[in-house]
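Participant: Coordinates in target-v8.txt, compact mmCIF, C-alpha atoms, are listed below.
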# COMPACT_ATOMS: atom_id res chain seq x y z
CA MET A 1 75.52 114.17 97.62
CA ASN A 2 77.50 115.12 100.68
CA ALA A 3 79.01 118.49 101.38
CA ILE A 4 82.78 118.75 101.63
CA ARG A 5 83.39 119.02 105.37
CA ILE A 6 85.64 121.63 106.94
CA ILE A 7 87.05 120.30 110.22
CA PRO A 8 89.10 122.44 112.60
CA CYS A 9 91.58 120.43 114.67
CA LEU A 10 92.54 121.57 118.15
CA ASP A 11 95.73 120.19 119.71
CA VAL A 12 95.16 119.83 123.42
CA ASP A 13 97.71 119.11 126.14
CA GLU A 14 96.45 118.55 129.67
CA GLY A 15 93.33 120.54 128.98
CA ARG A 16 94.89 123.49 127.21
CA VAL A 17 94.94 124.18 123.49
CA VAL A 18 98.54 124.45 122.42
CA LYS A 19 99.31 126.93 119.64
CA GLY A 20 96.72 129.43 120.88
CA VAL A 21 93.97 130.46 118.58
CA LYS A 22 93.87 134.06 117.39
CA PHE A 23 90.20 134.91 117.38
CA ALA A 24 89.01 138.45 117.78
CA GLY A 25 87.61 139.05 121.23
CA ILE A 26 88.29 135.62 122.63
CA ARG A 27 88.47 135.43 126.40
CA ASP A 28 90.86 132.52 126.69
CA ALA A 29 92.84 131.42 123.63
CA GLY A 30 93.72 128.16 125.34
CA ASP A 31 90.26 126.99 126.42
CA PRO A 32 89.15 124.09 124.20
CA VAL A 33 85.49 124.44 125.14
CA GLU A 34 85.29 128.10 124.21
CA LEU A 35 87.26 127.52 121.00
CA ALA A 36 85.02 124.64 119.96
CA GLU A 37 82.00 126.87 120.46
CA ARG A 38 83.57 129.61 118.37
CA TYR A 39 84.39 127.24 115.53
CA ASN A 40 80.89 125.82 115.73
CA GLU A 41 79.45 129.32 115.36
CA GLY A 42 81.92 129.89 112.54
CA GLY A 43 80.48 127.05 110.48
CA ALA A 44 82.64 124.02 111.38
CA ASP A 45 81.09 120.81 110.05
CA GLU A 46 82.81 118.71 112.68
CA ILE A 47 85.43 119.36 115.35
CA THR A 48 88.50 117.26 116.10
CA PHE A 49 90.48 117.27 119.32
CA LEU A 50 93.93 115.79 119.35
CA ASP A 51 95.27 114.97 122.80
CA ILE A 52 98.96 115.51 122.23
CA GLY A 53 99.83 114.94 125.89
CA ALA A 54 98.37 111.47 125.63
CA THR A 55 99.23 110.67 129.25
CA TYR A 56 96.72 109.11 131.60
CA LYS A 57 96.06 112.48 133.23
CA SER A 58 95.74 114.22 129.88
CA ARG A 59 93.24 111.64 128.63
CA GLU A 60 91.17 112.03 131.76
CA ILE A 61 91.07 115.80 131.32
CA MET A 62 90.11 115.30 127.66
CA ARG A 63 87.06 113.30 128.69
CA GLY A 64 85.90 116.24 130.80
CA ILE A 65 86.44 118.61 127.88
CA VAL A 66 84.45 116.41 125.51
CA GLU A 67 81.68 116.10 128.07
CA ALA A 68 81.49 119.90 128.36
CA VAL A 69 81.72 120.55 124.60
CA SER A 70 79.04 117.97 123.80
CA ARG A 71 76.58 119.87 125.99
CA ARG A 72 76.98 123.05 123.94
CA VAL A 73 78.12 122.06 120.47
CA PHE A 74 75.87 119.87 118.32
CA VAL A 75 78.07 118.81 115.45
CA PRO A 76 80.12 115.60 115.30
CA LEU A 77 83.12 115.50 117.65
CA THR A 78 86.20 113.39 116.97
CA VAL A 79 88.91 112.71 119.52
CA GLY A 80 92.36 111.29 118.88
CA GLY A 81 95.65 110.90 120.69
CA GLY A 82 96.63 108.29 123.21
CA ILE A 83 93.76 105.91 122.45
CA ARG A 84 95.33 102.47 122.78
CA THR A 85 92.56 100.09 123.74
CA VAL A 86 88.88 99.44 123.12
CA ASP A 87 88.25 100.58 126.70
CA ASP A 88 89.93 103.90 125.88
CA MET A 89 87.57 104.18 122.90
CA GLN A 90 84.54 103.42 125.01
CA ALA A 91 85.50 105.95 127.67
CA ILE A 92 85.83 108.83 125.22
CA LEU A 93 82.71 107.86 123.23
CA ARG A 94 80.72 107.77 126.49
CA SER A 95 81.95 111.25 127.32
CA GLY A 96 80.28 112.52 124.16
CA ALA A 97 82.70 111.93 121.29
CA ASP A 98 81.09 110.61 118.13
CA LYS A 99 84.27 109.19 116.66
CA VAL A 100 87.72 108.21 117.84
CA SER A 101 90.81 108.46 115.73
CA VAL A 102 93.74 106.09 116.12
CA CYS A 103 97.17 106.11 114.50
CA SER A 104 100.14 104.43 116.23
CA ALA A 105 98.00 102.09 118.32
CA ALA A 106 96.39 100.64 115.18
CA LEU A 107 99.79 100.15 113.52
CA ASN A 108 101.02 98.36 116.63
CA ASP A 109 97.86 96.30 116.94
CA PRO A 110 95.60 96.32 113.84
CA ALA A 111 93.05 94.17 115.72
CA LEU A 112 92.13 97.36 117.60
CA LEU A 113 90.28 98.48 114.44
CA THR A 114 88.47 95.16 114.13
CA GLU A 115 87.44 95.07 117.76
CA GLY A 116 86.57 98.78 117.91
CA SER A 117 84.30 98.64 114.87
CA ARG A 118 82.66 95.45 116.09
CA ARG A 119 81.83 97.10 119.40
CA PHE A 120 80.94 100.62 118.28
CA GLY A 121 80.39 100.45 114.50
CA ASN A 122 82.80 101.52 111.78
CA GLN A 123 81.26 105.01 111.64
CA CYS A 124 83.00 105.63 114.99
CA ILE A 125 86.47 104.57 113.92
CA VAL A 126 88.76 106.99 112.11
CA LEU A 127 92.16 105.68 111.09
CA SER A 128 94.74 108.42 111.01
CA ILE A 129 97.67 107.82 108.66
CA ASP A 130 100.85 109.91 108.82
CA ALA A 131 102.34 109.19 105.41
CA LYS A 132 105.84 109.99 104.20
CA ARG A 133 107.05 109.52 100.67
CA HIS A 134 109.61 106.77 99.96
CA GLY A 135 110.39 106.90 96.24
CA ASP A 136 107.20 106.04 94.40
CA THR A 137 105.40 104.89 97.51
CA TRP A 138 104.51 106.20 100.97
CA HIS A 139 105.15 104.66 104.34
CA ALA A 140 102.84 104.94 107.35
CA TYR A 141 104.63 106.49 110.30
CA LYS A 142 103.88 106.25 113.98
CA SER A 143 104.74 108.07 117.20
CA GLY A 144 103.81 111.48 115.82
CA GLY A 145 105.69 110.93 112.58
CA ARG A 146 108.95 109.94 114.23
CA THR A 147 109.03 106.20 113.49
CA ASP A 148 108.66 104.44 110.14
CA SER A 149 106.32 101.47 110.57
CA GLY A 150 107.61 100.09 107.28
CA ARG A 151 104.04 99.62 106.05
CA ASP A 152 102.93 100.91 102.69
CA ALA A 153 100.43 103.70 103.43
CA VAL A 154 97.99 102.76 100.65
CA ALA A 155 98.05 99.07 101.57
CA TRP A 156 97.57 100.03 105.21
CA ALA A 157 94.53 102.15 104.35
CA ILE A 158 92.99 99.20 102.48
CA GLU A 159 93.67 96.78 105.33
CA ALA A 160 92.37 99.23 107.93
CA VAL A 161 89.08 99.70 106.10
CA GLU A 162 88.67 95.95 105.72
CA ARG A 163 89.21 95.69 109.46
CA GLY A 164 86.60 98.31 110.23
CA ALA A 165 87.91 101.86 109.86
CA GLY A 166 85.01 104.03 108.67
CA GLU A 167 87.08 107.01 107.59
CA ILE A 168 90.71 107.73 106.79
CA LEU A 169 92.39 110.88 108.07
CA LEU A 170 95.35 111.24 105.73
CA ASN A 171 98.19 113.50 106.73
CA SER A 172 101.23 114.03 104.53
CA ILE A 173 104.34 114.41 106.67
CA ASP A 174 106.19 115.86 103.66
CA ALA A 175 103.58 118.52 102.94
CA ASP A 176 102.64 119.33 106.53
CA GLY A 177 103.65 122.84 107.49
CA THR A 178 104.91 123.79 104.02
CA GLN A 179 101.71 125.62 103.00
CA ALA A 180 102.71 124.61 99.45
CA GLY A 181 99.67 122.41 98.86
CA TYR A 182 98.53 118.88 99.59
CA ASP A 183 100.35 115.77 98.40
CA LEU A 184 97.69 115.25 95.74
CA GLU A 185 99.10 112.02 94.43
CA LEU A 186 98.97 110.45 97.89
CA LEU A 187 95.41 111.70 98.36
CA ARG A 188 94.31 110.41 94.98
CA ARG A 189 95.87 106.99 95.53
CA VAL A 190 94.27 106.49 98.94
CA SER A 191 90.88 107.89 97.85
CA ALA A 192 90.84 105.51 94.90
CA ALA A 193 91.84 102.56 97.07
CA VAL A 194 89.21 102.75 99.82
CA PRO A 195 85.40 102.95 99.79
CA VAL A 196 85.20 105.25 102.84
CA PRO A 197 85.56 109.03 103.20
CA VAL A 198 89.10 110.44 103.15
CA ILE A 199 89.95 113.55 105.17
CA ALA A 200 92.89 115.54 103.76
CA SER A 201 95.42 117.07 106.12
CA GLY A 202 98.76 118.80 105.74
CA GLY A 203 100.10 121.30 103.27
CA ALA A 204 97.30 123.77 102.62
CA GLY A 205 98.33 127.40 102.40
CA LYS A 206 96.07 128.91 99.77
CA LEU A 207 92.39 128.64 98.92
CA GLU A 208 93.21 126.97 95.59
CA HIS A 209 94.76 124.08 97.49
CA PHE A 210 91.35 123.10 98.82
CA THR A 211 89.77 122.83 95.39
CA ALA A 212 92.74 120.74 94.26
CA ALA A 213 92.34 118.41 97.26
CA VAL A 214 88.68 117.90 96.39
CA ARG A 215 88.86 117.83 92.58
CA GLU A 216 92.20 116.10 92.01
CA GLY A 217 92.73 114.41 95.37
CA LYS A 218 89.07 113.32 95.70
CA ALA A 219 89.09 114.31 99.37
CA ASP A 220 85.74 114.23 101.20
CA ALA A 221 86.77 116.53 104.02
CA LEU A 222 89.51 118.98 104.95
CA LEU A 223 91.14 119.03 108.38
CA LEU A 224 92.66 122.40 109.25
CA ALA A 225 94.70 123.68 112.14
CA SER A 226 97.11 126.62 112.03
CA LEU A 227 95.55 128.30 108.96
CA LEU A 228 92.39 128.74 111.01
CA HIS A 229 94.00 129.17 114.42
CA ASP A 230 96.37 131.88 113.17
CA GLY A 231 93.49 133.73 111.58
CA VAL A 232 94.95 133.41 108.05
CA MET A 233 91.49 132.43 106.86
CA THR A 234 88.09 131.64 108.33
CA ILE A 235 85.84 128.65 107.71
CA ARG A 236 83.28 130.99 106.12
CA GLN A 237 85.88 132.35 103.69
CA ILE A 238 86.89 128.84 102.71
CA LYS A 239 83.29 127.80 102.21
CA GLU A 240 82.45 130.89 100.20
CA TYR A 241 85.45 130.24 97.98
CA LEU A 242 84.54 126.57 97.50
CA ARG A 243 80.91 127.46 96.76
CA ASN A 244 82.04 129.87 94.05
CA GLU A 245 84.19 127.05 92.67
CA GLU A 246 81.03 124.93 92.61
CA VAL A 247 82.23 122.60 95.34
CA MET A 248 79.30 121.64 97.55
CA VAL A 249 79.59 122.94 101.11
CA ARG A 250 77.14 123.28 103.97
CA CYS A 251 76.12 126.87 104.46
CA MET B 1 58.60 115.18 129.75
CA ILE B 2 60.45 113.61 126.83
CA GLY B 3 61.55 110.02 127.35
CA ILE B 4 64.54 108.67 125.41
CA VAL B 5 64.30 104.90 125.64
CA ASP B 6 67.45 103.08 126.66
CA TYR B 7 67.20 99.64 125.11
CA GLY B 8 70.97 99.25 124.90
CA ALA B 9 71.63 100.36 121.32
CA GLY B 10 71.31 104.11 121.37
CA ASN B 11 73.27 107.33 121.12
CA LEU B 12 70.89 108.51 123.79
CA ARG B 13 73.25 110.78 125.67
CA SER B 14 73.78 113.07 122.68
CA VAL B 15 70.02 113.26 122.18
CA LEU B 16 69.50 113.95 125.88
CA LYS B 17 72.09 116.74 125.81
CA ALA B 18 70.37 118.36 122.83
CA PHE B 19 66.98 118.46 124.59
CA GLU B 20 68.65 119.77 127.75
CA PHE B 21 70.32 122.50 125.70
CA LEU B 22 66.90 123.44 124.30
CA GLY B 23 65.46 123.60 127.80
CA LEU B 24 63.06 120.72 127.10
CA PRO B 25 62.85 118.36 130.08
CA ALA B 26 64.02 114.89 129.11
CA GLN B 27 64.91 111.67 130.86
CA VAL B 28 66.00 108.17 129.96
CA PRO B 29 63.56 105.34 130.73
CA ALA B 30 65.73 102.23 131.11
CA ALA B 31 62.64 100.01 131.49
CA PRO B 32 59.17 100.15 129.90
CA ALA B 33 57.50 100.97 133.24
CA GLU B 34 59.48 104.21 133.33
CA MET B 35 57.75 105.40 130.14
CA LYS B 36 54.69 106.33 132.23
CA SER B 37 55.95 109.77 133.19
CA ALA B 38 56.78 110.66 129.58
CA SER B 39 54.44 112.46 127.18
CA ARG B 40 56.69 111.95 124.16
CA ILE B 41 59.11 109.14 123.37
CA VAL B 42 62.33 109.05 121.35
CA VAL B 43 63.85 105.84 119.98
CA PRO B 44 67.53 106.48 119.23
CA GLY B 45 69.71 103.87 117.59
CA VAL B 46 73.22 103.10 116.46
CA GLY B 47 74.55 99.81 115.18
CA ALA B 48 73.05 96.91 113.28
CA PHE B 49 69.32 96.27 112.72
CA GLY B 50 69.33 92.66 113.96
CA ALA B 51 71.22 93.42 117.15
CA ALA B 52 68.92 96.36 117.86
CA VAL B 53 65.79 94.21 117.37
CA GLU B 54 67.22 91.64 119.80
CA LYS B 55 67.92 94.34 122.38
CA LEU B 56 64.49 95.88 121.88
CA ASP B 57 62.88 92.49 122.59
CA ALA B 58 65.22 91.61 125.45
CA SER B 59 64.56 94.94 127.18
CA GLY B 60 60.81 94.52 126.81
CA PHE B 61 60.25 97.76 124.88
CA ARG B 62 58.61 96.26 121.77
CA ALA B 63 54.97 96.05 122.89
CA PRO B 64 55.06 99.28 124.94
CA LEU B 65 56.33 101.17 121.87
CA THR B 66 53.75 99.75 119.44
CA ASP B 67 51.01 100.35 122.05
CA TRP B 68 52.30 103.91 122.43
CA VAL B 69 51.85 104.63 118.73
CA ALA B 70 48.54 102.77 118.55
CA ALA B 71 47.30 105.16 121.26
CA GLY B 72 48.30 108.09 119.04
CA ARG B 73 51.08 109.30 121.30
CA PRO B 74 54.12 111.07 119.79
CA LEU B 75 57.11 108.92 118.90
CA LEU B 76 60.36 110.02 117.24
CA GLY B 77 62.82 107.54 115.75
CA ILE B 78 66.35 108.68 114.98
CA CYS B 79 68.57 106.89 112.42
CA LEU B 80 68.40 103.17 113.25
CA GLY B 81 65.55 104.09 115.62
CA MET B 82 63.54 105.12 112.55
CA GLN B 83 64.58 102.04 110.57
CA LEU B 84 63.17 99.93 113.41
CA PHE B 85 59.72 101.42 112.65
CA LEU B 86 59.64 99.32 109.46
CA ASP B 87 59.15 95.57 109.14
CA SER B 88 62.60 94.38 108.14
CA SER B 89 66.05 95.28 106.84
CA GLU B 90 68.40 93.89 104.22
CA GLU B 91 71.10 94.41 106.86
CA THR B 92 69.83 91.47 108.92
CA PRO B 93 67.24 89.37 107.11
CA GLY B 94 64.94 87.61 109.55
CA PRO B 95 64.43 89.77 112.64
CA ARG B 96 61.18 91.73 112.56
CA GLY B 97 61.10 95.46 113.18
CA LEU B 98 58.30 97.21 115.04
CA GLY B 99 56.05 97.23 111.96
CA ILE B 100 54.74 100.73 112.70
CA ILE B 101 55.32 101.70 109.06
CA PRO B 102 54.91 98.91 106.46
CA GLY B 103 58.04 98.32 104.41
CA GLY B 104 61.73 97.48 104.73
CA ASN B 105 65.20 99.00 104.72
CA ARG B 106 67.55 98.67 101.76
CA LYS B 107 71.29 99.01 101.34
CA PHE B 108 72.87 101.81 99.31
CA THR B 109 74.42 100.30 96.22
CA ALA B 110 76.31 103.31 94.87
CA GLY B 111 78.84 105.74 96.29
CA LYS B 112 80.81 105.45 99.49
CA VAL B 113 78.96 103.37 102.05
CA PRO B 114 78.26 104.24 104.82
CA GLN B 115 77.14 107.71 103.88
CA ILE B 116 79.01 109.79 106.47
CA GLY B 117 78.45 113.49 106.20
CA TRP B 118 76.20 116.47 105.67
CA ASN B 119 73.49 116.18 103.07
CA ARG B 120 70.80 118.56 101.92
CA VAL B 121 67.22 117.61 102.67
CA ALA B 122 64.19 118.44 100.54
CA ALA B 123 61.31 118.75 102.98
CA GLY B 124 57.65 119.37 102.28
CA THR B 125 55.28 121.19 104.56
CA ASP B 126 55.44 118.82 107.50
CA PRO B 127 55.49 120.79 110.79
CA LEU B 128 58.67 118.92 111.78
CA PHE B 129 60.55 121.21 109.38
CA ALA B 130 58.61 124.39 110.19
CA GLY B 131 60.72 127.53 110.24
CA LEU B 132 63.83 125.82 108.85
CA PRO B 133 65.60 127.33 105.84
CA ALA B 134 64.78 125.80 102.46
CA GLY B 135 66.94 122.74 101.78
CA PRO B 136 68.35 122.40 105.30
CA TRP B 137 71.57 120.44 105.86
CA PHE B 138 71.63 117.47 108.19
CA TYR B 139 74.31 115.03 109.32
CA PHE B 140 73.84 111.44 108.14
CA VAL B 141 75.66 108.24 109.13
CA HIS B 142 74.09 105.12 107.59
CA SER B 143 74.42 102.31 105.07
CA TYR B 144 70.71 101.45 104.78
CA TYR B 145 67.68 103.57 103.98
CA ALA B 146 63.97 103.18 104.64
CA ALA B 147 61.75 101.93 101.83
CA PRO B 148 58.14 102.28 103.03
CA VAL B 149 55.42 100.57 101.00
CA ASP B 150 53.29 103.71 101.07
CA THR B 151 55.38 106.63 99.82
CA ALA B 152 52.86 109.02 101.38
CA ALA B 153 54.79 108.36 104.61
CA VAL B 154 57.84 110.13 103.16
CA ILE B 155 57.91 113.73 104.39
CA ALA B 156 61.46 114.59 103.29
CA THR B 157 64.06 113.17 100.93
CA ALA B 158 67.78 113.47 100.25
CA ASP B 159 70.00 112.36 97.38
CA TYR B 160 72.88 109.91 97.70
CA GLY B 161 73.24 108.19 94.37
CA ILE B 162 69.49 107.72 94.60
CA THR B 163 66.73 109.75 96.20
CA PHE B 164 65.93 108.20 99.58
CA PRO B 165 63.59 109.07 102.46
CA ALA B 166 65.23 111.43 104.95
CA ALA B 167 62.14 111.55 107.17
CA LEU B 168 58.91 109.57 107.57
CA ARG B 169 55.59 110.19 109.28
CA SER B 170 52.80 107.77 109.96
CA GLY B 171 50.18 108.85 112.44
CA SER B 172 51.90 109.97 115.62
CA ALA B 173 55.21 108.34 114.64
CA VAL B 174 57.90 110.38 112.92
CA GLY B 175 61.33 109.18 111.98
CA VAL B 176 64.44 110.89 110.70
CA GLN B 177 67.32 109.10 109.02
CA PHE B 178 69.81 111.84 109.93
CA HIS B 179 71.07 112.81 113.38
CA PRO B 180 69.33 116.05 114.42
CA GLU B 181 71.38 116.00 117.64
CA LYS B 182 74.53 116.35 115.49
CA SER B 183 73.16 118.68 112.82
CA GLY B 184 73.88 122.05 114.38
CA GLU B 185 71.17 124.71 114.36
CA ALA B 186 68.94 122.94 111.83
CA GLY B 187 68.91 119.82 113.99
CA LEU B 188 68.16 121.73 117.17
CA ALA B 189 65.31 123.58 115.42
CA LEU B 190 63.83 120.27 114.30
CA LEU B 191 64.05 118.76 117.79
CA LYS B 192 62.41 121.89 119.18
CA ASN B 193 59.59 121.61 116.62
CA TRP B 194 58.97 118.01 117.60
CA GLY B 195 59.45 118.51 121.34
CA ARG B 196 56.95 121.35 121.50
CA SER B 197 54.35 120.32 118.93
Please express the file's structure as structure tokens.

Facilitator:
Amino acid sequence: MNAIRIIPCLDVDEGRVVKGVKFAGIRDAGDPVELAERYNEGGADEITFLDIGATYKSREIMRGIVEAVSRRVFVPLTVGGGIRTVDDMQAILRSGADKVSVCSAALNDPALLTEGSRRFGNQCIVLSIDAKRHGDTWHAYKSGGRTDSGRDAVAWAIEAVERGAGEILLNSIDADGTQAGYDLELLRRVSAAVPVPVIASGGAGKLEHFTAAVREGKADALLLASLLHDGVMTIRQIKEYLRNEEVMVRC
Amino acid sequence: MIGIVDYGAGNLRSVLKAFEFLGLPAQVPAAPAEMKSASRIVVPGVGAFGAAVEKLDASGFRAPLTDWVAAGRPLLGICLGMQLFLDSSEETPGPRGLGIIPGGNRKFTAGKVPQIGWNRVAAGTDPLFAGLPAGPWFYFVHSYYAAPVDTAAVIATADYGITFPAALRSGSAVGVQFHPEKSGEAGLALLKNWGRS
């Protein structure tokens, strides 16, 4: 049985981590390489970089960052943001990423998932879904949550996995930033609909929220940003809590 | 010198970076002739069994690798690289593996497939796992698992719906189903054990 993964996510813009990370004794709160190393030492099971600049220059800088991190950090590395083509995927995987995550580009051109998984294997392809509730359903949004694609989020998850997505990163736009807990119904629906791991994102504020995401939402992994970056909790605290709750974690 | 063979289907750069980090000299032979300067050989592997067999044959590495093991020289297979040590795979019926360890590879039939994530490994006393904590965690990404005819080849197991081999040894060949180069400290310790033994 697999451990529930704790995955810190670093938002990077032109080589700098935005929303600086409040670690004790850190030399440079904006250096993605140093922060990745710190999270690795802190027990991260995987590290995700999100290139929020997503310009050509920003993507090029990101490749250099991944190259540097992959020489010092030996856990899986996922990179998302601005990946629009199979060539973009190849470039970042060659730099040392183990997985790429795509969101808007896959909604615009679902064949990207098919082609990407055919070339690199579905274990490399993470589909990121920004879901927003519409009545009893959820829609998948694109462009950083600004545009409704009109697609049903659960149906999109199913199609994406059939096309070759190996994991689903599921972010609730409604819950994100509230710290009031995950959208458990969304998580449960998507987890039940697809045969691949689902990574929960958006809404966590308390330790109990993680157990709910795993037990009720059937999440396989938890992606965390500001709770870790702001020093509200550490990965070790989360893991210790989950272990006491008899949720399997890597120690 | 550790040689990481580049037959066109490997995650060899991650493996190379891990050895470099450990201070163990490593290089990437892109042709069989370049294996000469190596004292130990790694076969990485990502992708499908059939495609990997084709690439192994096309690049001319098949005979040099089986000769290498027959001569008792150390060989490490990682993930699909280990699965290639067996005769065949349910993933691609037909193409023959290296046949270093008799048996095949079977598909997981329960749980989420592929297995993507950290799993706990039960290891015996094989020196590959020397000095590691009991029940070390390793990172796995696979849909198929090795099923050797002789279970004495199994030096470690993990559970994923069923108990499956996490590591194999036969003579000078060892294989690991997980990715030590992506398994943090436990993975680095294992690579160090192998690279220095």

Participant: Which of these, A:Val214, A:Ala105, A:Leu112, A:Ile47, has the shortest distance to chain B once you count all atoms listed in the file?

Facilitator: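 Closest candidate: A:Ile47.
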
Participant: Show which residues sit within 10 Å of B:Pro64, as a PyMOL selection string. Count all atoms listed in the file, and ignore same-chain residues fewer than 3 positions away.

Facilitator: chain B and resi 32-33+35+60-61+67-70

Participant: With distances taken over all atoms listed in the file, which residue among B:Ser172, B:Thr163, B:Ser14, B:Thr66 lies nearest chain A?

Facilitator: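 Among B:Ser172, B:Thr163, B:Ser14, B:Thr66, it is B:Ser14 that comes nearest to chain A.
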
Participant: What residues in chain B lie within 10 Å of chain A, counting all atoms listed in the file, written as a ChimeraX atom specification?

Facilitator: /B:9,11,13-21,46-48,111-120,136-143,158-163,179-188

Participant: What would the file look like if the residues just selected were written as a compact mmCIF listing (two decimals), keeping the file's coordinate frame with C-alpha atoms?

Facilitator:
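Result file is out-v8.txt:
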# COMPACT_ATOMS: atom_id res chain seq x y z
CA ALA B 9 71.63 100.36 121.32
CA ASN B 11 73.27 107.33 121.12
CA ARG B 13 73.25 110.78 125.67
CA SER B 14 73.78 113.07 122.68
CA VAL B 15 70.02 113.26 122.18
CA LEU B 16 69.50 113.95 125.88
CA LYS B 17 72.09 116.74 125.81
CA ALA B 18 70.37 118.36 122.83
CA PHE B 19 66.98 118.46 124.59
CA GLU B 20 68.65 119.77 127.75
CA PHE B 21 70.32 122.50 125.70
CA VAL B 46 73.22 103.10 116.46
CA GLY B 47 74.55 99.81 115.18
CA ALA B 48 73.05 96.91 113.28
CA GLY B 111 78.84 105.74 96.29
CA LYS B 112 80.81 105.45 99.49
CA VAL B 113 78.96 103.37 102.05
CA PRO B 114 78.26 104.24 104.82
CA GLN B 115 77.14 107.71 103.88
CA ILE B 116 79.01 109.79 106.47
CA GLY B 117 78.45 113.49 106.20
CA TRP B 118 76.20 116.47 105.67
CA ASN B 119 73.49 116.18 103.07
CA ARG B 120 70.80 118.56 101.92
CA PRO B 136 68.35 122.40 105.30
CA TRP B 137 71.57 120.44 105.86
CA PHE B 138 71.63 117.47 108.19
CA TYR B 139 74.31 115.03 109.32
CA PHE B 140 73.84 111.44 108.14
CA VAL B 141 75.66 108.24 109.13
CA HIS B 142 74.09 105.12 107.59
CA SER B 143 74.42 102.31 105.07
CA ALA B 158 67.78 113.47 100.25
CA ASP B 159 70.00 112.36 97.38
CA TYR B 160 72.88 109.91 97.70
CA GLY B 161 73.24 108.19 94.37
CA ILE B 162 69.49 107.72 94.60
CA THR B 163 66.73 109.75 96.20
CA HIS B 179 71.07 112.81 113.38
CA PRO B 180 69.33 116.05 114.42
CA GLU B 181 71.38 116.00 117.64
CA LYS B 182 74.53 116.35 115.49
CA SER B 183 73.16 118.68 112.82
CA GLY B 184 73.88 122.05 114.38
CA GLU B 185 71.17 124.71 114.36
CA ALA B 186 68.94 122.94 111.83
CA GLY B 187 68.91 119.82 113.99
CA LEU B 188 68.16 121.73 117.17

Participant: Can you tell me, as JSON, numbers by chain, which residues sit within 12 Å of (61.6, 96.9, 123.1) in the file's frame, using all atoms listed in the file?

Facilitator: {"B": [5, 6, 7, 8, 9, 29, 30, 31, 32, 33, 35, 43, 44, 51, 52, 53, 54, 55, 56, 57, 58, 59, 60, 61, 62, 63, 64, 65, 66, 67, 68, 81, 84, 85, 96, 97, 98]}

Participant: Write out as a list in words each polymer residue whose atoms come within 9 Å of B:Ile2, counting only C-alpha atoms; drop sequence neighbours fewer than 2 positions from it.

Facilitator: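 The residues that qualify are Ile4, Phe19, Leu24, Pro25, Ala26, Gln27, Val28, Ser37, Ala38, Ser39, Arg40, Ile41, Val42 and Gly195 of chain B.
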
Participant: Suppose you want the space between atom CA of A:Asp13 and atom CA of A:Leu207; what is it in Å?

Facilitator: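 A separation of 29.3 Å between them.
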
Participant: Give me, please, the distance in Å between atom CA of A:Glu246 and atom CA of A:Arg189, quoted to one decimal.

Facilitator: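 Result for atom CA of A:Glu246 versus atom CA of A:Arg189: 23.5 Å, one decimal.
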
Participant: Could you list, as a list of chain:residue names, every residue within 6 Å of stretch 140-157 of chain A, counting only C-alpha atoms and ignoring same-chain residues fewer than 6 positions away?

Facilitator: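 That gives A:Ser104, A:Asp130, A:Ala131, A:Val190.
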
Participant: Mind writing the picked residues with C-alpha atoms as a short mmCIF file (atom, residue, chain, number, x, y, z; two decimals), in the frame of the given file?

Facilitator:
data_model
loop_
_atom_site.label_atom_id
_atom_site.label_comp_id
_atom_site.auth_asym_id
_atom_site.auth_seq_id
_atom_site.Cartn_x
_atom_site.Cartn_y
_atom_site.Cartn_z
CA SER A 104 100.14 104.43 116.23
CA ASP A 130 100.85 109.91 108.82
CA ALA A 131 102.34 109.19 105.41
CA VAL A 190 94.27 106.49 98.94
#

Participant: Kindly give the distance, in Å, that separates atom CA of B:Ser88 and atom CA of B:Ala156, rounded to a single decimal.

Facilitator: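 We find that atom CA of B:Ser88 and atom CA of B:Ala156 lie 20.8 Å from each other.
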
Participant: Calculated over only C-alpha atoms, which of the candidates A:Ala165, A:Met233, A:Val100, A:Val12 has the smallest distance to A:Thr55?

Facilitator: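 For A:Thr55, the nearest of the given residues is A:Val12.
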
Participant: Is it possible to get the axis-aligned box enclosing stretch 68-85 of chain B (all listed atoms, 4 Å extra per side) as lines of an AutoDock Vina configuration file, with centre and edge lengths in Å rounded to one decimal?

Facilitator:
center_x = 57.9
center_y = 105.5
center_z = 116.5
size_x = 29.3
size_y = 19.1
size_z = 19.9

Participant: Which residues, written as a count of residues only, have at least one atom at most 10 Å from A:Glu208, with all atoms listed in the file counted and residues fewer than 2 positions away on the same chain left out?

Facilitator: 12

Participant: Tell me, as a PyMOL selection string, which residues lie within 10 Å of A:Val126, counting only C-alpha atoms; anything in the same chain fewer than 5 positions away does not count.

Facilitator: chain A and resi 78-80+99-103+113+117+160-161+164-169+197-199

Participant: Counting all atoms listed in the file, which of B:Ala173, B:Met82, B:Ala71, B:Ala134 gets nearest to B:Ala146?

Facilitator: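 Closest to B:Ala146, using all atoms listed in the file: B:Met82.
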
Participant: Let me make sure I understand: among A:Gly42, A:Gly53, A:Gly135, A:Gly217, which one has the smallest atom-to-atom distance to A:Pro8 if we use all atoms listed in the file?

Facilitator: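 Between A:Gly42, A:Gly53, A:Gly135, A:Gly217, the residue approaching A:Pro8 most closely is A:Gly42.
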
Participant: Identify which of the residues B:Met1, B:Ala110, B:Ala153, B:Leu76 lies closest to B:Leu190, counting all atoms listed in the file when measuring atom-to-atom distances.

Facilitator: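 Counting all atoms listed in the file, the residue closest to B:Leu190 is B:Leu76.
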